[in-house]
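Source file: data16.pdb; contents: PDB, C-alpha atoms.
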```pdb
MODEL        1
ATOM      1  CA  MET A   1      41.784  83.561  38.445  1.00  0.00           C
ATOM      2  CA  LYS A   2      39.560  80.494  38.530  1.00  0.00           C
ATOM      3  CA  ILE A   3      36.930  78.693  36.500  1.00  0.00           C
ATOM      4  CA  VAL A   4      34.778  76.799  39.012  1.00  0.00           C
ATOM      5  CA  ILE A   5      32.674  73.867  37.807  1.00  0.00           C
ATOM      6  CA  LEU A   6      30.167  71.535  39.451  1.00  0.00           C
ATOM      7  CA  GLU A   7      30.130  68.289  37.442  1.00  0.00           C
ATOM      8  CA  ASP A   8      30.087  64.729  38.739  1.00  0.00           C
ATOM      9  CA  ASN A   9      30.601  62.792  35.493  1.00  0.00           C
ATOM     10  CA  GLU A  10      34.298  61.907  35.103  1.00  0.00           C
ATOM     11  CA  GLU A  11      34.182  61.791  31.295  1.00  0.00           C
ATOM     12  CA  ARG A  12      32.616  65.248  31.171  1.00  0.00           C
ATOM     13  CA  GLN A  13      35.158  66.516  33.687  1.00  0.00           C
ATOM     14  CA  ALA A  14      37.998  65.226  31.511  1.00  0.00           C
ATOM     15  CA  VAL A  15      36.705  66.950  28.366  1.00  0.00           C
ATOM     16  CA  MET A  16      36.055  70.183  30.269  1.00  0.00           C
ATOM     17  CA  ARG A  17      39.560  70.106  31.738  1.00  0.00           C
ATOM     18  CA  ALA A  18      41.077  69.396  28.314  1.00  0.00           C
ATOM     19  CA  CYS A  19      39.225  72.292  26.671  1.00  0.00           C
ATOM     20  CA  ILE A  20      40.377  74.707  29.351  1.00  0.00           C
ATOM     21  CA  ALA A  21      43.963  73.406  29.431  1.00  0.00           C
ATOM     22  CA  ASP A  22      44.245  73.528  25.655  1.00  0.00           C
ATOM     23  CA  ARG A  23      42.661  76.911  24.965  1.00  0.00           C
ATOM     24  CA  ILE A  24      42.615  79.065  28.104  1.00  0.00           C
ATOM     25  CA  TYR A  25      45.407  77.447  30.072  1.00  0.00           C
ATOM     26  CA  GLN A  26      46.237  80.641  31.966  1.00  0.00           C
ATOM     27  CA  TYR A  27      43.201  80.086  34.207  1.00  0.00           C
ATOM     28  CA  GLU A  28      42.880  77.487  36.934  1.00  0.00           C
ATOM     29  CA  ALA A  29      40.003  75.024  36.533  1.00  0.00           C
ATOM     30  CA  ARG A  30      38.506  73.733  39.785  1.00  0.00           C
ATOM     31  CA  ILE A  31      35.988  70.948  39.284  1.00  0.00           C
ATOM     32  CA  PHE A  32      33.796  69.668  42.111  1.00  0.00           C
ATOM     33  CA  ASP A  33      31.468  66.671  42.311  1.00  0.00           C
ATOM     34  CA  ASP A  34      29.924  67.791  45.609  1.00  0.00           C
ATOM     35  CA  ALA A  35      27.824  70.930  46.096  1.00  0.00           C
ATOM     36  CA  GLY A  36      28.911  71.438  49.712  1.00  0.00           C
ATOM     37  CA  GLU A  37      32.592  71.238  48.831  1.00  0.00           C
ATOM     38  CA  MET A  38      32.083  73.752  46.032  1.00  0.00           C
ATOM     39  CA  ILE A  39      30.274  76.141  48.372  1.00  0.00           C
ATOM     40  CA  CYS A  40      33.139  75.907  50.901  1.00  0.00           C
ATOM     41  CA  PHE A  41      35.608  76.702  48.123  1.00  0.00           C
ATOM     42  CA  LEU A  42      33.530  79.628  46.858  1.00  0.00           C
ATOM     43  CA  ARG A  43      33.302  81.127  50.356  1.00  0.00           C
ATOM     44  CA  GLU A  44      37.075  81.589  50.173  1.00  0.00           C
ATOM     45  CA  HIS A  45      37.606  82.183  46.448  1.00  0.00           C
ATOM     46  CA  LEU A  46      34.498  83.795  44.989  1.00  0.00           C
ATOM     47  CA  ALA A  47      36.324  87.099  44.453  1.00  0.00           C
ATOM     48  CA  ASP A  48      38.942  85.249  42.342  1.00  0.00           C
ATOM     49  CA  THR A  49      36.378  83.437  40.198  1.00  0.00           C
ATOM     50  CA  LEU A  50      35.919  84.325  36.516  1.00  0.00           C
ATOM     51  CA  VAL A  51      33.002  82.036  35.717  1.00  0.00           C
ATOM     52  CA  ILE A  52      30.972  79.337  37.464  1.00  0.00           C
ATOM     53  CA  SER A  53      29.379  76.375  35.698  1.00  0.00           C
ATOM     54  CA  LEU A  54      26.711  74.328  37.461  1.00  0.00           C
ATOM     55  CA  ASP A  55      25.233  70.921  36.812  1.00  0.00           C
ATOM     56  CA  HIS A  56      22.118  70.142  38.840  1.00  0.00           C
ATOM     57  CA  ASP A  57      21.728  66.393  39.321  1.00  0.00           C
ATOM     58  CA  LEU A  58      24.695  64.783  41.063  1.00  0.00           C
ATOM     59  CA  GLU A  59      25.020  61.027  41.545  1.00  0.00           C
ATOM     60  CA  LEU A  60      25.322  59.535  45.011  1.00  0.00           C
ATOM     61  CA  LYS A  61      28.934  58.792  45.988  1.00  0.00           C
ATOM     62  CA  PRO A  62      30.138  55.691  47.805  1.00  0.00           C
ATOM     63  CA  GLY A  63      31.087  56.455  51.405  1.00  0.00           C
ATOM     64  CA  PRO A  64      33.852  54.897  53.495  1.00  0.00           C
ATOM     65  CA  ASP A  65      31.399  52.760  55.485  1.00  0.00           C
ATOM     66  CA  GLY A  66      29.551  51.394  52.460  1.00  0.00           C
ATOM     67  CA  HIS A  67      26.727  53.907  52.729  1.00  0.00           C
ATOM     68  CA  CYS A  68      26.094  56.415  49.968  1.00  0.00           C
ATOM     69  CA  ILE A  69      26.924  60.087  50.384  1.00  0.00           C
ATOM     70  CA  ASP A  70      24.519  62.655  48.931  1.00  0.00           C
ATOM     71  CA  PRO A  71      26.621  65.294  47.139  1.00  0.00           C
ATOM     72  CA  GLY A  72      23.703  67.727  46.925  1.00  0.00           C
ATOM     73  CA  THR A  73      22.613  69.586  43.811  1.00  0.00           C
ATOM     74  CA  GLY A  74      23.517  72.580  41.734  1.00  0.00           C
ATOM     75  CA  ARG A  75      20.495  74.362  43.200  1.00  0.00           C
ATOM     76  CA  GLU A  76      22.241  74.429  46.571  1.00  0.00           C
ATOM     77  CA  VAL A  77      25.147  76.290  44.973  1.00  0.00           C
ATOM     78  CA  ALA A  78      22.741  78.628  43.159  1.00  0.00           C
ATOM     79  CA  ASP A  79      20.996  79.388  46.464  1.00  0.00           C
ATOM     80  CA  PHE A  80      24.355  80.123  48.094  1.00  0.00           C
ATOM     81  CA  LEU A  81      25.327  82.427  45.217  1.00  0.00           C
ATOM     82  CA  ALA A  82      21.981  84.235  45.401  1.00  0.00           C
ATOM     83  CA  ASP A  83      23.007  85.485  48.864  1.00  0.00           C
ATOM     84  CA  GLU A  84      26.355  86.758  47.569  1.00  0.00           C
ATOM     85  CA  GLU A  85      27.267  89.825  45.541  1.00  0.00           C
ATOM     86  CA  PRO A  86      27.438  88.871  41.834  1.00  0.00           C
ATOM     87  CA  VAL A  87      31.056  88.743  40.661  1.00  0.00           C
ATOM     88  CA  CYS A  88      30.988  86.631  37.506  1.00  0.00           C
ATOM     89  CA  PRO A  89      28.660  84.897  35.041  1.00  0.00           C
ATOM     90  CA  VAL A  90      27.094  81.538  35.883  1.00  0.00           C
ATOM     91  CA  ILE A  91      26.533  78.881  33.234  1.00  0.00           C
ATOM     92  CA  ILE A  92      23.916  76.250  34.009  1.00  0.00           C
ATOM     93  CA  HIS A  93      24.614  72.972  32.205  1.00  0.00           C
ATOM     94  CA  THR A  94      21.984  70.393  33.010  1.00  0.00           C
ATOM     95  CA  THR A  95      19.413  68.262  31.206  1.00  0.00           C
ATOM     96  CA  ASN A  96      17.019  68.751  34.113  1.00  0.00           C
ATOM     97  CA  SER A  97      14.843  71.494  32.589  1.00  0.00           C
ATOM     98  CA  GLN A  98      12.723  72.196  35.650  1.00  0.00           C
ATOM     99  CA  ALA A  99      15.759  72.478  37.907  1.00  0.00           C
ATOM    100  CA  ALA A 100      17.533  74.708  35.368  1.00  0.00           C
ATOM    101  CA  VAL A 101      14.589  77.130  35.317  1.00  0.00           C
ATOM    102  CA  GLY A 102      14.633  77.358  39.116  1.00  0.00           C
ATOM    103  CA  MET A 103      18.397  77.819  39.285  1.00  0.00           C
ATOM    104  CA  LYS A 104      18.339  80.499  36.603  1.00  0.00           C
ATOM    105  CA  ARG A 105      15.450  82.328  38.269  1.00  0.00           C
ATOM    106  CA  VAL A 106      17.043  82.448  41.730  1.00  0.00           C
ATOM    107  CA  LEU A 107      20.333  83.671  40.262  1.00  0.00           C
ATOM    108  CA  GLN A 108      18.773  86.291  38.003  1.00  0.00           C
ATOM    109  CA  GLU A 109      16.631  87.616  40.862  1.00  0.00           C
ATOM    110  CA  ALA A 110      19.922  88.157  42.717  1.00  0.00           C
ATOM    111  CA  HIS A 111      21.334  89.944  39.616  1.00  0.00           C
ATOM    112  CA  TRP A 112      23.768  87.228  38.528  1.00  0.00           C
ATOM    113  CA  LYS A 113      24.291  86.978  34.759  1.00  0.00           C
ATOM    114  CA  THR A 114      23.364  83.479  33.620  1.00  0.00           C
ATOM    115  CA  ARG A 115      23.314  81.316  30.544  1.00  0.00           C
ATOM    116  CA  ARG A 116      21.783  77.870  30.065  1.00  0.00           C
ATOM    117  CA  ILE A 117      23.520  75.131  28.098  1.00  0.00           C
ATOM    118  CA  VAL A 118      21.565  71.961  27.362  1.00  0.00           C
ATOM    119  CA  PRO A 119      23.808  68.875  27.132  1.00  0.00           C
ATOM    120  CA  PHE A 120      23.319  66.722  24.016  1.00  0.00           C
ATOM    121  CA  ASP A 121      25.053  64.058  21.970  1.00  0.00           C
ATOM    122  CA  ASP A 122      27.061  62.472  24.796  1.00  0.00           C
ATOM    123  CA  LEU A 123      30.119  64.739  25.243  1.00  0.00           C
ATOM    124  CA  ARG A 124      29.971  66.755  22.014  1.00  0.00           C
ATOM    125  CA  TRP A 125      28.076  69.670  23.606  1.00  0.00           C
ATOM    126  CA  ILE A 126      31.055  70.466  25.828  1.00  0.00           C
ATOM    127  CA  GLU A 127      33.216  71.573  22.908  1.00  0.00           C
ATOM    128  CA  THR A 128      30.433  72.991  20.709  1.00  0.00           C
ATOM    129  CA  ASP A 129      28.308  74.855  23.284  1.00  0.00           C
ATOM    130  CA  TRP A 130      29.739  74.787  26.793  1.00  0.00           C
ATOM    131  CA  PHE A 131      33.318  75.814  26.101  1.00  0.00           C
ATOM    132  CA  PRO A 132      32.359  78.747  23.823  1.00  0.00           C
ATOM    133  CA  ALA A 133      30.016  79.941  26.608  1.00  0.00           C
ATOM    134  CA  ILE A 134      32.862  79.695  29.126  1.00  0.00           C
ATOM    135  CA  ARG A 135      35.171  81.651  26.814  1.00  0.00           C
ATOM    136  CA  ARG A 136      32.523  84.339  26.175  1.00  0.00           C
ATOM    137  CA  ALA A 137      31.890  84.623  29.910  1.00  0.00           C
ATOM    138  CA  ILE A 138      35.563  85.374  30.465  1.00  0.00           C
ATOM    139  CA  VAL A 139      35.981  87.723  27.502  1.00  0.00           C
ATOM    140  CA  GLY A 140      32.718  89.608  27.847  1.00  0.00           C
ATOM    141  CA  PRO A 141      29.368  89.640  29.620  1.00  0.00           C
ATOM    142  CA  ILE A 142      26.663  87.082  28.893  1.00  0.00           C
ATOM    143  CA  ARG A 143      23.558  88.751  27.532  1.00  0.00           C
TER     144      ARG A 143
ENDMDL
END
```

Hey, can you dump this file as structure tokens for me?
Amino acid sequence: MKIVILEDNEERQAVMRACIADRIYQYEARIFDDAGEMICFLREHLADTLVISLDHDLELKPGPDGHCIDPGTGREVADFLADEEPVCPVIIHTTNSQAAVGMKRVLQEAHWKTRRIVPFDDLRWIETDWFPAIRRAIVGPIR
């Protein structure tokens, strides 16, 4: 069973991984920094996914030829999920309020259970808000 996360910030990824490894270590955490790669993974593993967490704004990545690679956005993943049968809750963790509203709307219209977490105070929100939401999503439905 998998916890699938879209997050491009390495410090956030490290704290998220640590929270999961320390407290719900029995589940596999898969963290992606590219929307397309996450969608490819979900095509194969959506049925094995317990919870999905989506950031929206992803930073450009350096490419092998010196050009930047656009990793997409969390909205692309939300749009993909909206065409799939809901199997687990989706947590939206982004400071981009307008994008969060759109992501939440498209998912809820497709009957996915969602919850919004607003990042604050550097990394503190991961332990105080995000991780409890992840745990609740696994233990019981998000209301």

Can you translate the PyMOL selection byres ((chain A and resi 54-70) around 7) into the concrete residues it hits in this file, as a list in words?
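Expected selection for the PyMOL selection byres ((chain A and resi 54-70) around 7) here is Ile5, Leu6, Glu7, Asp8, Ile52, Ser53, Pro71, Gly72, Thr73, Gly74, Arg75, Ile91, Ile92, His93, Thr94 and Ala99 of chain A.
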
Residue subset to file, keeping C-alpha atoms, as a short mmCIF file (atom, residue, chain, number, x, y, z; two decimals), in the frame of the given file:
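File written: result-v1.cif
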```cif
data_model
loop_
_atom_site.label_atom_id
_atom_site.label_comp_id
_atom_site.auth_asym_id
_atom_site.auth_seq_id
_atom_site.Cartn_x
_atom_site.Cartn_y
_atom_site.Cartn_z
CA ILE A 5 32.67 73.87 37.81
CA LEU A 6 30.17 71.54 39.45
CA GLU A 7 30.13 68.29 37.44
CA ASP A 8 30.09 64.73 38.74
CA ILE A 52 30.97 79.34 37.46
CA SER A 53 29.38 76.38 35.70
CA PRO A 71 26.62 65.29 47.14
CA GLY A 72 23.70 67.73 46.92
CA THR A 73 22.61 69.59 43.81
CA GLY A 74 23.52 72.58 41.73
CA ARG A 75 20.50 74.36 43.20
CA ILE A 91 26.53 78.88 33.23
CA ILE A 92 23.92 76.25 34.01
CA HIS A 93 24.61 72.97 32.20
CA THR A 94 21.98 70.39 33.01
CA ALA A 99 15.76 72.48 37.91
#
```

Which of these residues is nearest to A:Lys104, using only C-alpha atoms: A:Ala137, A:Cys88, A:Ala78, A:Asp122?
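Among A:Ala137, A:Cys88, A:Ala78, A:Asp122, it is A:Ala78 that comes nearest to A:Lys104.
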
Once the PyMOL selection byres ((chain A and resi 31) around 12) is applied to the coordinates I shared, what remains selected? I want it as number ranges by chain.
A: 2-10, 12-17, 20, 28-30, 32-35, 37-39, 41-42, 52-55

Within 8 Å of (18.3, 84.7, 43.6), all atoms listed in the file: residues as an MDAnalysis selection string?
chainID A and resid 78:79 81:83 105:112

Using atom CA of A:Ile126 and atom CA of A:Gly102 as the two end points, give the distance in Å to one decimal.
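So the answer is 22.2 Å.
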
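Coordinates place atom CA of A:Ala21 at a distance of 25.1 Å from atom CA of A:Thr95.
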
Would you give the centre and edge lengths, in Å to one decimal, of a box along x, y and z around the listed atoms of stretch 37-46 of chain A, with 6 Å added to each side, as JSON?
```
{"center_x": 33.9, "center_y": 77.5, "center_z": 47.9, "size_x": 19.3, "size_y": 24.6, "size_z": 17.9}
```

Atom CA of A:Asp121 and atom CA of A:Tyr27, how far apart in Å?
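These two atoms are separated by 27.1 Å.
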